[in-house]
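Novice: Sharing a structure below in structure tokens format, with a few things to ask.
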Amino acid sequence: MHVTSWQAVLNVGEGPGQISLELDADAGSLRVHEGHGGAQPLSEDDKTDIHKSIDDDVLKRRPVEFRSTSVEPSEDDSMRVSGELTMAGDTHPIDFELTVDSDGQLSGSATVKQTNWSIKPYSALFGALKVTDEVKVIVEASLPSG
């Protein structure tokens, strides 16, 4: 899945503990990119149905929000980020690593267990089409130049 409408702000202050990260994603902007392991490839109709179900039934048209509580930089151009993730109206802590390369490309990933946020993993076609409970979320972004 891709999130097509989101924004993030990485604030970097002068001293220790002066880094924060905020992310807001429009849950209605989630688009199915691909699926793996099924008996047949996902059709465009499947992708449309999945999008509608996730927006209406899973995330209930509520935004996805992250607010950091701490960001600890490392010497290897990475950051350990801790904070609160809100999905479908439930908020829980989550931790992950972010890396920034010399070109300003930011990348990282976190595993989200949907049931921790009271989200029932998507399932259709009597269970023949389903999303696992643990979903790996990959972040790839570019920092603005200048």
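Quick note on naming: the chains in the structure tokens go A, B, ... in the order shown, residues restart at 1 in each chain, and ligands are numbered from 1 in order of appearance.
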Output as a VMD selection string all residues of region 61-134 of chain A that backbone DSSP marks as strand (DSSP E or B).

Specialist: chain A and resid 64 to 73 78 to 87 90 to 100 105 to 113 123 to 124 129 to 130 134

Novice: Just list the residues in region 19-138 of chain A DSSP gives alpha helix (DSSP H) on the backbone, as a ChimeraX atom specification.

Specialist: /A:44-53

Novice: For the selection you just gave me, I'd like the residues written to a file as a CSV table (one decimal), in the first residue's frame, keeping C-alpha atoms.

Specialist:
```
chain,number,residue,atom,x,y,z
A,44,GLU,CA,-8.1,-3.4,-10.2
A,45,ASP,CA,-11.6,-4.1,-8.8
A,46,ASP,CA,-9.9,-6.0,-5.8
A,47,LYS,CA,-7.7,-3.0,-5.2
A,48,THR,CA,-10.7,-0.6,-5.3
A,49,ASP,CA,-12.7,-2.8,-2.9
A,50,ILE,CA,-9.7,-3.1,-0.5
A,51,HIS,CA,-9.3,0.7,-0.5
A,52,LYS,CA,-13.0,1.3,0.3
A,53,SER,CA,-13.0,-1.3,3.1
```

Novice: I'd like the neighbourhood of Met1 (chain A) as a tab-separated table (two decimals) with N, CA, C and O atoms, in the first residue's frame, where a residue qualifies if any of its atoms comes within 12 Å (using only C-alpha atoms), though same-chain residues fewer than 2 positions away should be ignored.

Specialist:
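Result written to part.tsv:
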```tsv
chain	number	residue	atom	x	y	z
A	3	VAL	N	0.67	5.49	0.82
A	3	VAL	CA	-0.10	6.61	1.36
A	3	VAL	C	0.17	7.77	0.42
A	3	VAL	O	1.31	8.21	0.28
A	4	THR	N	-0.87	8.28	-0.22
A	4	THR	CA	-0.66	9.31	-1.24
A	4	THR	C	-0.83	10.73	-0.72
A	4	THR	O	-0.47	11.68	-1.41
A	27	ALA	N	-6.02	8.79	5.99
A	27	ALA	CA	-6.33	7.36	5.86
A	27	ALA	C	-7.06	7.06	4.56
A	27	ALA	O	-6.94	5.97	4.01
A	28	GLY	N	-7.79	8.03	4.03
A	28	GLY	CA	-8.49	7.84	2.78
A	28	GLY	C	-7.58	7.83	1.57
A	28	GLY	O	-8.00	7.54	0.46
A	29	SER	N	-6.30	8.14	1.78
A	29	SER	CA	-5.36	8.18	0.66
A	29	SER	C	-4.56	6.89	0.51
A	29	SER	O	-3.69	6.81	-0.35
A	30	LEU	N	-4.87	5.89	1.33
A	30	LEU	CA	-4.17	4.61	1.19
A	30	LEU	C	-4.58	3.94	-0.12
A	30	LEU	O	-5.77	3.82	-0.42
A	31	ARG	N	-3.60	3.53	-0.91
A	31	ARG	CA	-3.86	2.87	-2.19
A	31	ARG	C	-3.10	1.55	-2.23
A	31	ARG	O	-1.91	1.50	-1.90
A	32	VAL	N	-3.77	0.49	-2.64
A	32	VAL	CA	-3.15	-0.81	-2.77
A	32	VAL	C	-2.15	-0.76	-3.92
A	32	VAL	O	-2.50	-0.36	-5.03
A	33	HIS	N	-0.94	-1.16	-3.64
A	33	HIS	CA	0.12	-1.19	-4.66
A	33	HIS	C	0.30	-2.60	-5.21
A	33	HIS	O	0.38	-2.79	-6.41
A	34	GLU	N	0.37	-3.58	-4.31
A	34	GLU	CA	0.55	-4.96	-4.74
A	34	GLU	C	0.16	-5.91	-3.61
A	34	GLU	O	0.03	-5.50	-2.47
A	35	GLY	N	-0.01	-7.16	-3.96
A	35	GLY	CA	-0.29	-8.22	-3.00
A	35	GLY	C	0.58	-9.42	-3.31
A	35	GLY	O	1.00	-9.61	-4.46
A	36	HIS	N	0.88	-10.22	-2.31
A	36	HIS	CA	1.75	-11.39	-2.48
A	36	HIS	C	1.08	-12.63	-1.90
A	36	HIS	O	0.35	-12.54	-0.92
A	47	LYS	N	-8.42	-4.11	-5.79
A	47	LYS	CA	-7.71	-2.98	-5.17
A	47	LYS	C	-8.69	-1.89	-4.75
A	47	LYS	O	-8.57	-1.32	-3.67
A	48	THR	N	-9.70	-1.62	-5.59
A	48	THR	CA	-10.70	-0.62	-5.26
A	48	THR	C	-11.52	-1.05	-4.04
A	48	THR	O	-11.78	-0.25	-3.14
A	50	ILE	N	-10.61	-3.14	-1.65
A	50	ILE	CA	-9.75	-3.09	-0.47
A	50	ILE	C	-9.63	-1.66	0.04
A	50	ILE	O	-9.76	-1.39	1.24
A	51	HIS	N	-9.39	-0.73	-0.87
A	51	HIS	CA	-9.28	0.70	-0.49
A	51	HIS	C	-10.54	1.15	0.23
A	51	HIS	O	-10.48	1.76	1.30
A	54	ILE	N	-10.84	-0.51	3.75
A	54	ILE	CA	-9.88	0.02	4.72
A	54	ILE	C	-10.32	1.41	5.17
A	54	ILE	O	-10.31	1.72	6.36
A	131	VAL	N	-4.99	-9.62	4.94
A	131	VAL	CA	-3.78	-8.92	5.35
A	131	VAL	C	-3.37	-9.49	6.69
A	131	VAL	O	-4.21	-9.68	7.58
A	135	VAL	N	2.02	-5.79	10.12
A	135	VAL	CA	2.28	-5.12	8.85
A	135	VAL	C	3.56	-4.30	8.99
A	135	VAL	O	3.72	-3.55	9.95
A	136	LYS	N	4.46	-4.46	8.03
A	136	LYS	CA	5.69	-3.67	8.03
A	136	LYS	C	5.42	-2.37	7.30
A	136	LYS	O	4.98	-2.36	6.15
A	137	VAL	N	5.65	-1.25	8.00
A	137	VAL	CA	5.47	0.07	7.43
A	137	VAL	C	6.84	0.62	7.07
A	137	VAL	O	7.74	0.66	7.92
A	138	ILE	N	7.01	0.99	5.80
A	138	ILE	CA	8.30	1.49	5.32
A	138	ILE	C	8.14	2.97	5.03
A	138	ILE	O	7.18	3.38	4.35
A	139	VAL	N	9.08	3.76	5.52
A	139	VAL	CA	9.07	5.21	5.30
A	139	VAL	C	10.24	5.54	4.38
A	139	VAL	O	11.38	5.16	4.65
```

Novice: Which residues are close to region 98-102 of chain A, i.e. within 9 Å by only C-alpha atoms, leaving aside same-chain residues fewer than 2 positions away? Reply as a PyMOL selection string.

Specialist: chain A and resi 76-81+96+104-109+139+142-143

Novice: Point out the residue among A:Asp133, A:Glu84, A:Glu97, A:Asp103 with the least atom-to-atom distance to Ser68 (chain A), counting only C-alpha atoms.

Specialist: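 Ranked by minimum distance to Ser68 (chain A), first place goes to A:Glu84.
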
Novice: Report, in Å with one decimal, the straight-line distance from CA of Ser145 (chain A) to CA of Thr69 (chain A).

Specialist: 25.7 Å

Novice: Work out how far CA of Asp90 (chain A) is from CA of Lys120 (chain A), in Å to one decimal.

Specialist: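 Pair CA of Lys120 (chain A) / CA of Asp90 (chain A) returns 12.7 Å.
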
Novice: Just the residues within 8 Å of Phe66 (chain A), please, counting only C-alpha atoms, with nothing from its chain fewer than 3 positions along; format it as a list in words.

Specialist: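 Result of the neighbour search: Leu21, Glu22, Leu23, Asp24, Gly83, Glu84, Leu85 and Thr86 of chain A.
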
Novice: May I have the selected residues written with all heavy atoms, as an mmCIF file, in the first residue's frame?

Specialist:
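File written: result-v4.cif
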```cif
data_model
loop_
_atom_site.group_PDB
_atom_site.id
_atom_site.type_symbol
_atom_site.label_atom_id
_atom_site.label_comp_id
_atom_site.auth_asym_id
_atom_site.auth_seq_id
_atom_site.Cartn_x
_atom_site.Cartn_y
_atom_site.Cartn_z
ATOM 1 N N LEU A 21 9.501 14.778 15.818
ATOM 2 C CA LEU A 21 8.942 14.325 14.546
ATOM 3 C C LEU A 21 7.432 14.212 14.677
ATOM 4 O O LEU A 21 6.930 13.663 15.655
ATOM 5 C CB LEU A 21 9.533 12.959 14.171
ATOM 6 C CG LEU A 21 8.985 12.286 12.918
ATOM 7 C CD1 LEU A 21 9.322 13.103 11.669
ATOM 8 C CD2 LEU A 21 9.545 10.880 12.796
ATOM 9 N N GLU A 22 6.722 14.770 13.704
ATOM 10 C CA GLU A 22 5.264 14.657 13.645
ATOM 11 C C GLU A 22 4.895 14.200 12.248
ATOM 12 O O GLU A 22 5.490 14.639 11.262
ATOM 13 C CB GLU A 22 4.593 16.012 13.901
ATOM 14 C CG GLU A 22 4.823 16.556 15.278
ATOM 15 C CD GLU A 22 4.124 17.893 15.495
ATOM 16 O OE1 GLU A 22 3.435 18.397 14.571
ATOM 17 O OE2 GLU A 22 4.256 18.438 16.589
ATOM 18 N N LEU A 23 3.915 13.311 12.160
ATOM 19 C CA LEU A 23 3.449 12.832 10.869
ATOM 20 C C LEU A 23 1.936 12.741 10.898
ATOM 21 O O LEU A 23 1.347 12.282 11.878
ATOM 22 C CB LEU A 23 4.020 11.447 10.558
ATOM 23 C CG LEU A 23 3.528 10.868 9.242
ATOM 24 C CD1 LEU A 23 4.695 10.437 8.385
ATOM 25 C CD2 LEU A 23 2.588 9.714 9.468
ATOM 26 N N ASP A 24 1.308 13.227 9.829
ATOM 27 C CA ASP A 24 -0.132 13.128 9.651
ATOM 28 C C ASP A 24 -0.393 12.514 8.286
ATOM 29 O O ASP A 24 0.150 12.981 7.281
ATOM 30 C CB ASP A 24 -0.795 14.512 9.715
ATOM 31 C CG ASP A 24 -0.656 15.129 11.083
ATOM 32 O OD1 ASP A 24 -1.278 14.610 12.019
ATOM 33 O OD2 ASP A 24 0.079 16.124 11.219
ATOM 34 N N GLY A 83 7.529 7.252 20.157
ATOM 35 C CA GLY A 83 6.394 8.155 20.185
ATOM 36 C C GLY A 83 5.076 7.434 20.253
ATOM 37 O O GLY A 83 5.011 6.247 20.588
ATOM 38 N N GLU A 84 4.025 8.170 19.924
ATOM 39 C CA GLU A 84 2.650 7.680 19.996
ATOM 40 C C GLU A 84 2.052 7.664 18.595
ATOM 41 O O GLU A 84 2.045 8.677 17.899
ATOM 42 C CB GLU A 84 1.817 8.597 20.895
ATOM 43 C CG GLU A 84 2.320 8.692 22.329
ATOM 44 C CD GLU A 84 2.028 7.442 23.131
ATOM 45 O OE1 GLU A 84 0.958 6.840 22.929
ATOM 46 O OE2 GLU A 84 2.874 7.073 23.968
ATOM 47 N N LEU A 85 1.539 6.482 18.182
ATOM 48 C CA LEU A 85 0.882 6.324 16.891
ATOM 49 C C LEU A 85 -0.616 6.179 17.126
ATOM 50 O O LEU A 85 -1.040 5.346 17.938
ATOM 51 C CB LEU A 85 1.422 5.086 16.161
ATOM 52 C CG LEU A 85 0.772 4.742 14.829
ATOM 53 C CD1 LEU A 85 1.008 5.852 13.802
ATOM 54 C CD2 LEU A 85 1.294 3.402 14.316
ATOM 55 N N THR A 86 -1.397 7.001 16.428
ATOM 56 C CA THR A 86 -2.852 6.952 16.524
ATOM 57 C C THR A 86 -3.424 6.458 15.205
ATOM 58 O O THR A 86 -3.142 7.028 14.149
ATOM 59 C CB THR A 86 -3.436 8.340 16.856
ATOM 60 O OG1 THR A 86 -2.875 8.800 18.083
ATOM 61 C CG2 THR A 86 -4.951 8.297 16.976
#
```
